[in-house]
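See below for the structure under consideration.
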2 protein chains.
Amino acid sequence: MQDRNLSRVPGLPGPDSQFATIGGPAIQAIPLRGGDGEAHQLLSASDRRDLAMIASIRHIDAGAQLFEAGARAQAIFNIVSGVAKVSEDLADGRQATVAFFFVNDLLGMFESDHYIYTGTAVTPLTVYCLPVDALERLLLREPSLQMHFLCKLSHELRASQRQAIALRRYSAMQKMALFLDFMALHPEMQVDATGLMKIPMSRADIADYIGLTTESVSRALHRLCNEGIVELVTSHQFRIHDRARLDRLVGGDGAVSLFRQKGG
Amino acid sequence: MQDRNLSRVPGLPGPDSQFATIGGPAIQAIPLRGGDGEAHQLLSASDRRDLAMIASIRHIDAGAQLFEAGARAQAIFNIVSGVAKVSEDLADGRQATVAFFFVNDLLGMFESDHYIYTGTAVTPLTVYCLPVDALERLLLREPSLQMHFLCKLSHELRASQRQAIALRRYSAMQKMALFLDFMALHPEMQVDATGLMKIPMSRADIADYIGLTTESVSRALHRLCNEGIVELVTSHQFRIHDRARLDRLVGGDGAVSLFRQKGG
DNA sequence: CGTCTACTTGAAGTGAGTCAATAATGGTGG
DNA sequence: CCACCATTATTGACTCACTTCAAGTAGACG
């Protein structure tokens, strides 16, 4: 590991320290109990302080590896800024993208002490490293903090299942619409007040993620454009023009959230 | 809820009680730390006793609903015997099967106090009901038990991601092979010592789950048969004839580990 | 034993994949 | 700052695996 990128989070931070600036680890998810169905930051100030005590900050260059599949899992990671992905490596050098991670997400899943996937920085990344040994001790000591981790994992599972449903039943255009909708959910992807959004990842990443080829991604994107549903400003910036039709594509035809309308 | 199907688990069970017979709730998963990469029953005798104290047993007929999407989540369920599925209801009355659950699995995921999916018994089912309020109190009191729930959830997430990878990259025959392999993992699906296995769910359930139509499921299954990889004894019983070729399909051709072969 | 549902089989259509050829982008050094 | 090169994205033509539509058959259950 590149220790030059590693700096200790001060236990008793002064007003100018990095800790004071970014406030310690944070976790965003929809609560299990109560709440309005929206994602919130789950951790209390004291939770975040406890986590900061065992955490260190690390900066990762875009494209660099955060952890590697099969390696011994020493830490899990909490994103402060930037976007990461986890993928399964294929022997031909390509990868199957399993999920993307944004600010206030946790990544670094492991099984029997070893990382399952490879984690890579999509953009320059700032993360808290949470060493698993110390984290496990902390979670056993602080059951209510552990409950937040359980909630986050549940949220992650939900996202993965939603993804699987889309992979089964959506057309290329619907998948693309879902992906853009997904990006639009993350405020940090917003470029300016006009609703201009970034797409930080490559076509190959998107294609792997939504189960298409890069060619089909390109075609679907341009078809959404031609239909006036979105505007493609550059190949990595877009703006949603017709939110209603986008929603109809994503939720509508044969799928999930039509149901939500029924209920409401 | 149908209270006639509900019976209290005795706190201090005698040798003839149901508790003594089935030993209390149990959870099967690959441990996060240590272990050999195999799934184990995670709970200690005392964990199981604690859970039994708040649990009740319920029997569900095949095809009956265990819980419904959108309903207030009063309990989660731990399977003692039988198979269950969770699905998302679609507007046209069909359902998208999200996952199947077997002995020692947990189901009943919720968000903001409400079930996300609908849970249905695929076969006659015996479950422990774990009321969420009591369970939450217990987990906060017993952090090491909570850690096992966290591990199970992680295991579930892994399964969902594996499923998503298969949905992206596998052909119909590979998906079918993967499904049969998946069934073969569950010892309780074994009919006899000759390796005869049950398929308790309908073609429609399978099709939804692996992202095909019922017709394609049928065709893929019969093609595996014609190639001598499996034997279809009845439409809901099979036997694996050529384990090596099945493994090659599941891990191999066109997907993840084909590239492993190329590389090697 | 008849009816109903679930499964199988066949024929024809189509959406996304593949292969191949540009076109744009972005990073680098002159 | 611009020109160059390597990478990434787009576009087109063609193919094919799975879907769709349409019968037909077999199991399950009263």
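Chain labels run A, B, ... following the order of the structure tokens; each chain numbers its residues from 1, and ligands are numbered from 1 in the order shown.
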Practice item. Return as a PyMOL selection string the residues belonging to chain D that are within 8 Å of chain A, counting only C-alpha atoms (C1' of nucleotides). Key: chain D and resi 8-10
Exercise for review: Give the strand (DSSP E) residues of stretch 72-206 of chain A, as assigned by DSSP on the backbone, as JSON, numbers by chain.
Suggested key: {"A": [75, 76, 77, 78, 79, 80, 81, 84, 85, 86, 87, 88, 89, 95, 96, 97, 98, 99, 100, 101, 106, 107, 110, 111, 114, 115, 118, 119, 120, 121, 125, 126, 127, 128, 129, 130, 131, 197, 198]}
Residues just named, written with N, CA and C atoms as a CSV table (one decimal), in the first residue's frame:
chain,number,residue,atom,x,y,z
A,75,ALA,N,-9.0,-3.4,5.6
A,75,ALA,CA,-9.9,-2.2,6.0
A,75,ALA,C,-11.1,-2.2,5.0
A,76,ILE,N,-12.1,-1.5,5.5
A,76,ILE,CA,-13.2,-1.1,4.5
A,76,ILE,C,-13.1,0.4,4.4
A,77,PHE,N,-13.8,0.9,3.4
A,77,PHE,CA,-13.6,2.3,3.0
A,77,PHE,C,-14.9,3.1,3.0
A,78,ASN,N,-14.8,4.3,3.4
A,78,ASN,CA,-15.9,5.2,3.4
A,78,ASN,C,-15.6,6.4,2.6
A,79,ILE,N,-16.4,6.7,1.6
A,79,ILE,CA,-16.0,7.7,0.6
A,79,ILE,C,-16.4,9.1,1.1
A,80,VAL,N,-15.4,10.0,1.1
A,80,VAL,CA,-15.5,11.4,1.5
A,80,VAL,C,-15.9,12.2,0.2
A,81,SER,N,-15.1,11.9,-0.8
A,81,SER,CA,-15.4,12.6,-2.1
A,81,SER,C,-14.9,11.7,-3.3
A,84,ALA,N,-16.2,5.6,-6.8
A,84,ALA,CA,-15.4,4.3,-6.9
A,84,ALA,C,-16.3,3.2,-7.6
A,85,LYS,N,-15.6,2.2,-8.0
A,85,LYS,CA,-16.4,1.0,-8.5
A,85,LYS,C,-15.8,-0.2,-7.9
A,86,VAL,N,-16.6,-1.3,-7.8
A,86,VAL,CA,-16.0,-2.6,-7.5
A,86,VAL,C,-16.4,-3.5,-8.7
A,87,SER,N,-15.4,-4.3,-9.0
A,87,SER,CA,-15.6,-5.2,-10.2
A,87,SER,C,-14.9,-6.5,-10.0
A,88,GLU,N,-15.4,-7.4,-10.8
A,88,GLU,CA,-14.8,-8.8,-10.8
A,88,GLU,C,-13.8,-8.8,-12.0
A,89,ASP,N,-12.6,-9.2,-11.8
A,89,ASP,CA,-11.6,-9.2,-12.9
A,89,ASP,C,-11.8,-10.4,-13.7
A,95,GLN,N,-13.2,-6.1,-17.0
A,95,GLN,CA,-13.8,-6.4,-15.7
A,95,GLN,C,-15.3,-6.3,-15.8
A,96,ALA,N,-16.0,-7.0,-15.0
A,96,ALA,CA,-17.4,-6.9,-14.8
A,96,ALA,C,-17.7,-6.0,-13.7
A,97,THR,N,-18.2,-4.8,-14.0
A,97,THR,CA,-18.5,-3.8,-12.9
A,97,THR,C,-19.7,-4.3,-12.1
A,98,VAL,N,-19.6,-4.4,-10.8
A,98,VAL,CA,-20.6,-4.9,-9.9
A,98,VAL,C,-21.4,-3.8,-9.3
A,99,ALA,N,-20.7,-2.7,-9.0
A,99,ALA,CA,-21.5,-1.6,-8.4
A,99,ALA,C,-20.6,-0.3,-8.4
A,100,PHE,N,-21.2,0.9,-8.4
A,100,PHE,CA,-20.6,2.1,-8.2
A,100,PHE,C,-20.8,2.6,-6.8
A,101,PHE,N,-19.9,3.4,-6.3
A,101,PHE,CA,-20.0,3.9,-4.9
A,101,PHE,C,-19.7,5.4,-4.9
A,106,LEU,N,-20.1,2.9,1.7
A,106,LEU,CA,-19.1,2.0,2.2
A,106,LEU,C,-18.7,1.0,1.2
A,107,LEU,N,-17.5,0.7,1.0
A,107,LEU,CA,-17.1,-0.4,0.1
A,107,LEU,C,-15.9,-1.2,0.7
A,110,PHE,N,-16.0,-8.3,2.2
A,110,PHE,CA,-15.1,-9.5,2.2
A,110,PHE,C,-15.8,-10.7,2.8
A,111,GLU,N,-15.2,-11.8,2.6
A,111,GLU,CA,-15.7,-13.1,3.0
A,111,GLU,C,-14.5,-13.9,3.5
A,114,HIS,N,-11.1,-12.1,3.1
A,114,HIS,CA,-10.5,-11.7,1.8
A,114,HIS,C,-11.6,-10.9,1.0
A,115,TYR,N,-11.1,-9.9,0.4
A,115,TYR,CA,-11.9,-9.1,-0.5
A,115,TYR,C,-12.5,-9.9,-1.6
A,118,THR,N,-12.5,-6.3,-6.7
A,118,THR,CA,-11.5,-5.3,-6.8
A,118,THR,C,-12.1,-3.9,-6.8
A,119,GLY,N,-11.6,-3.0,-5.9
A,119,GLY,CA,-12.1,-1.7,-5.8
A,119,GLY,C,-11.2,-0.7,-6.6
A,120,THR,N,-11.8,0.2,-7.4
A,120,THR,CA,-11.0,1.1,-8.2
A,120,THR,C,-11.6,2.5,-8.1
A,121,ALA,N,-10.7,3.5,-8.1
A,121,ALA,CA,-11.2,4.9,-8.1
A,121,ALA,C,-11.6,5.2,-9.5
A,125,LEU,N,-10.1,10.2,-5.5
A,125,LEU,CA,-11.0,9.7,-4.4
A,125,LEU,C,-10.4,10.1,-3.1
A,126,THR,N,-11.2,10.5,-2.2
A,126,THR,CA,-10.8,10.7,-0.8
A,126,THR,C,-11.6,9.7,0.1
A,127,VAL,N,-11.0,8.9,0.8
A,127,VAL,CA,-11.7,7.9,1.6
A,127,VAL,C,-11.2,7.8,3.1
A,128,TYR,N,-12.0,7.4,4.0
A,128,TYR,CA,-11.6,7.0,5.3
A,128,TYR,C,-11.3,5.5,5.2
A,129,CYS,N,-10.2,5.1,5.6
A,129,CYS,CA,-9.9,3.6,5.8
A,129,CYS,C,-10.3,3.2,7.2
A,130,LEU,N,-11.1,2.2,7.3
A,130,LEU,CA,-11.6,1.7,8.6
A,130,LEU,C,-11.0,0.3,8.8
A,131,PRO,N,-10.0,0.2,9.6
A,131,PRO,CA,-9.3,-1.2,9.7
A,131,PRO,C,-10.4,-2.2,10.3
A,197,MET,N,-25.3,17.5,-15.5
A,197,MET,CA,-24.8,16.4,-14.7
A,197,MET,C,-23.6,15.8,-15.3
A,198,LYS,N,-22.7,15.3,-14.4
A,198,LYS,CA,-21.5,14.6,-14.9
A,198,LYS,C,-21.8,13.1,-15.0
Using only C-alpha atoms (C1' of nucleotides), tabulate the residues of chain C lying at most 12 Å from any atom of chain A, each with its closest atom pair and that distance in Å to one decimal, by chain and increasing residue number, as CSV.
residue,atom,partner,partner_atom,distance
C:DG15,C1',A:Ser171,CA,8.4
C:DA16,C1',A:Ser216,CA,7.2
C:DG17,C1',A:Thr213,CA,7.5
C:DT18,C1',A:Thr213,CA,9.9
C:DC19,C1',A:Glu215,CA,11.5
C:DA24,C1',A:Ser235,CA,9.5
C:DT25,C1',A:Ser235,CA,9.1
Which chain A residues have any atom within 8 Å of an atom of chain B, and for each, what is the nearest pair of atoms with distance in Å to one decimal, counting only C-alpha atoms, rows sorted by chain and number, as CSV?
residue,atom,partner,partner_atom,distance
A:Ile30,CA,B:Glu111,CA,6.6
A:Pro31,CA,B:Ser112,CA,5.7
A:Leu32,CA,B:Glu111,CA,4.6
A:Arg33,CA,B:Ser112,CA,4.7
A:Gly34,CA,B:Ser112,CA,4.8
A:Gly35,CA,B:Ser112,CA,5.6
A:Asp36,CA,B:Ser112,CA,6.7
A:Gly37,CA,B:Ser112,CA,5.7
A:Asp89,CA,B:Val256,CA,7.9
A:Leu90,CA,B:Val256,CA,5.6
A:Ala91,CA,B:Phe259,CA,4.3
A:Asp92,CA,B:Phe259,CA,5.5
A:Ala96,CA,B:Ile165,CA,7.4
A:Val98,CA,B:Gln161,CA,6.7
A:Met109,CA,B:Ser154,CA,7.7
A:Phe110,CA,B:Leu32,CA,6.3
A:Glu111,CA,B:Leu32,CA,4.6
A:Ser112,CA,B:Arg33,CA,4.7
A:Asp113,CA,B:Arg33,CA,4.8
A:Leu139,CA,B:Pro143,CA,7.5
A:Leu140,CA,B:Pro143,CA,5.1
A:Arg141,CA,B:Pro143,CA,7.3
A:Glu142,CA,B:Pro143,CA,7.7
A:Pro143,CA,B:Leu140,CA,5.1
A:Ser144,CA,B:Leu140,CA,6.3
A:Gln146,CA,B:Gln146,CA,7.7
A:Met147,CA,B:Leu140,CA,7.6
A:Phe149,CA,B:Leu150,CA,7.9
A:Leu150,CA,B:Leu150,CA,5.5
A:Leu153,CA,B:Leu153,CA,6.8
A:Ser154,CA,B:Leu153,CA,6.8
A:Glu156,CA,B:Leu157,CA,7.4
A:Leu157,CA,B:Leu157,CA,4.9
A:Ser160,CA,B:Gln161,CA,6.3
A:Gln161,CA,B:Ser160,CA,6.2
A:Gln163,CA,B:Ala164,CA,7.2
A:Ala164,CA,B:Ala164,CA,5.0
A:Ile165,CA,B:Val98,CA,7.1
A:Leu167,CA,B:Leu167,CA,6.4
A:Arg168,CA,B:Gly211,CA,4.5
A:Arg169,CA,B:Gly211,CA,7.1
A:Asp208,CA,B:Arg168,CA,7.8
A:Ile210,CA,B:Arg168,CA,7.5
A:Gly211,CA,B:Arg168,CA,4.6
A:Leu212,CA,B:Arg168,CA,7.6
A:Gly254,CA,B:Leu90,CA,6.2
A:Ala255,CA,B:Leu90,CA,5.7
A:Val256,CA,B:Leu90,CA,6.3
A:Leu258,CA,B:Ala91,CA,6.6
A:Phe259,CA,B:Ala91,CA,6.2
A:Gly263,CA,B:Gly70,CA,8.0
Please write the residues from the selection above to a file, keeping C-alpha atoms, as an mmCIF file, in the first residue's frame.
data_model
loop_
_atom_site.group_PDB
_atom_site.id
_atom_site.type_symbol
_atom_site.label_atom_id
_atom_site.label_comp_id
_atom_site.auth_asym_id
_atom_site.auth_seq_id
_atom_site.Cartn_x
_atom_site.Cartn_y
_atom_site.Cartn_z
ATOM 1 C CA ILE A 30 -32.777 4.725 3.951
ATOM 2 C CA PRO A 31 -33.447 3.892 7.620
ATOM 3 C CA LEU A 32 -34.953 0.516 8.499
ATOM 4 C CA ARG A 33 -37.329 1.974 11.062
ATOM 5 C CA GLY A 34 -39.195 5.229 10.708
ATOM 6 C CA GLY A 35 -38.131 7.947 8.280
ATOM 7 C CA ASP A 36 -39.936 9.131 5.173
ATOM 8 C CA GLY A 37 -38.446 6.670 2.689
ATOM 9 C CA ASP A 89 -11.643 -9.200 -12.850
ATOM 10 C CA LEU A 90 -11.801 -11.292 -15.961
ATOM 11 C CA ALA A 91 -8.721 -13.019 -17.224
ATOM 12 C CA ASP A 92 -8.648 -11.086 -20.515
ATOM 13 C CA ALA A 96 -17.420 -6.918 -14.833
ATOM 14 C CA VAL A 98 -20.609 -4.929 -9.916
ATOM 15 C CA MET A 109 -16.910 -6.309 1.145
ATOM 16 C CA PHE A 110 -15.062 -9.451 2.196
ATOM 17 C CA GLU A 111 -15.698 -13.092 2.983
ATOM 18 C CA SER A 112 -13.425 -15.280 5.126
ATOM 19 C CA ASP A 113 -11.065 -12.311 5.539
ATOM 20 C CA LEU A 139 -19.131 -2.304 16.426
ATOM 21 C CA LEU A 140 -19.276 -4.929 19.182
ATOM 22 C CA ARG A 141 -18.850 -2.172 21.749
ATOM 23 C CA GLU A 142 -21.378 0.152 20.098
ATOM 24 C CA PRO A 143 -24.408 -1.904 19.034
ATOM 25 C CA SER A 144 -26.338 1.140 17.839
ATOM 26 C CA GLN A 146 -23.448 -1.554 14.279
ATOM 27 C CA MET A 147 -27.169 -1.253 13.572
ATOM 28 C CA PHE A 149 -23.900 -0.604 9.350
ATOM 29 C CA LEU A 150 -26.566 -3.293 9.152
ATOM 30 C CA LEU A 153 -25.821 -3.177 4.065
ATOM 31 C CA SER A 154 -29.549 -3.703 3.746
ATOM 32 C CA GLU A 156 -26.908 -1.932 -0.585
ATOM 33 C CA LEU A 157 -28.700 -5.266 -0.953
ATOM 34 C CA SER A 160 -28.311 -4.758 -5.972
ATOM 35 C CA GLN A 161 -31.714 -6.451 -6.224
ATOM 36 C CA GLN A 163 -30.251 -3.673 -10.416
ATOM 37 C CA ALA A 164 -30.893 -7.382 -10.957
ATOM 38 C CA ILE A 165 -34.555 -6.709 -11.727
ATOM 39 C CA LEU A 167 -31.056 -6.491 -15.869
ATOM 40 C CA ARG A 168 -33.787 -9.093 -16.272
ATOM 41 C CA ARG A 169 -36.610 -7.027 -17.605
ATOM 42 C CA ASP A 208 -20.669 -3.634 -17.830
ATOM 43 C CA ILE A 210 -26.160 -2.255 -16.943
ATOM 44 C CA GLY A 211 -25.444 -5.385 -18.942
ATOM 45 C CA LEU A 212 -24.941 -4.010 -22.450
ATOM 46 C CA GLY A 254 -43.763 -3.543 -17.020
ATOM 47 C CA ALA A 255 -41.717 -2.633 -14.012
ATOM 48 C CA VAL A 256 -41.292 -1.613 -10.455
ATOM 49 C CA LEU A 258 -45.737 1.731 -11.451
ATOM 50 C CA PHE A 259 -46.685 -0.262 -8.405
ATOM 51 C CA GLY A 263 -50.278 2.146 -3.660
#
Practice item. Write out as a ChimeraX atom specification which residues come within 12 Å of C:DG2 when counting only C-alpha atoms (C1' of nucleotides), dropping same-chain ones fewer than 2 positions away. Key: /C:4 /D:29-30
Exercise for review: Please give the root-mean-square deviation of the Cα atoms once chain A has been least-squares fitted onto chain B, pairing every Cα in order.
Suggested key: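 Least-squares fit of chain A onto chain B, C-alpha RMSD 1.5 Å.
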Point to revise | Neighbour list for D:DA26 as a PyMOL selection string, cut-off 9 Å, only C-alpha atoms (C1' of nucleotides), skip fewer than 6 positions in-chain | key: chain C and resi 6-8
Exercise for review: Identify, on the basis of only C-alpha atoms (C1' of nucleotides), every residue whose closest approach to D:DC1 does not exceed 12 Å; exclude the query and any residue fewer than 2 positions from it along the same chain; express the result as a VMD selection string.
Suggested key: (chain C and resid 29 to 30) or (chain D and resid 3)
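For the pair atom CA of A:Ala193 and atom CA of A:Ile240, the separation is 12.7 Å.
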Practice item. Mind checking which residues fall within 12 Å of C:DG13, counting only C-alpha atoms (C1' of nucleotides), ignoring those fewer than 6 positions away in the same chain, and posting them as a list in words? Key: DC18, DT19, DT20 and DC21 of chain D
Serialized selection, N, CA and C atoms (P, O5', C5', C4', C3', O3' and C1' of nucleotides), as a short mmCIF file (atom, residue, chain, number, x, y, z; two decimals), in the first residue's frame:
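result05.cif was written with the following content:
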data_model
loop_
_atom_site.label_atom_id
_atom_site.label_comp_id
_atom_site.auth_asym_id
_atom_site.auth_seq_id
_atom_site.Cartn_x
_atom_site.Cartn_y
_atom_site.Cartn_z
P DC D 18 -29.65 -17.61 -25.54
"O5'" DC D 18 -31.06 -16.88 -25.37
"C5'" DC D 18 -31.08 -15.49 -25.09
"C4'" DC D 18 -32.40 -14.90 -25.49
"C3'" DC D 18 -33.60 -15.57 -24.83
"O3'" DC D 18 -34.32 -14.58 -24.11
"C1'" DC D 18 -33.96 -15.28 -27.16
P DT D 19 -35.71 -14.91 -23.38
"O5'" DT D 19 -36.76 -14.23 -24.36
"C5'" DT D 19 -36.60 -12.85 -24.68
"C4'" DT D 19 -37.66 -12.44 -25.69
"C3'" DT D 19 -39.09 -12.68 -25.22
"O3'" DT D 19 -39.83 -11.48 -25.41
"C1'" DT D 19 -38.72 -13.69 -27.35
P DT D 20 -41.31 -11.37 -24.84
"O5'" DT D 20 -42.26 -11.61 -26.11
"C5'" DT D 20 -41.87 -11.15 -27.39
"C4'" DT D 20 -42.79 -11.72 -28.45
"C3'" DT D 20 -44.21 -12.04 -27.98
"O3'" DT D 20 -45.12 -11.51 -28.93
"C1'" DT D 20 -43.28 -13.93 -29.03
P DC D 21 -46.68 -11.42 -28.63
"O5'" DC D 21 -47.28 -12.60 -29.54
"C5'" DC D 21 -46.89 -12.68 -30.91
"C4'" DC D 21 -47.30 -14.01 -31.50
"C3'" DC D 21 -48.68 -14.51 -31.05
"O3'" DC D 21 -49.34 -15.03 -32.20
"C1'" DC D 21 -47.10 -16.18 -30.69
#
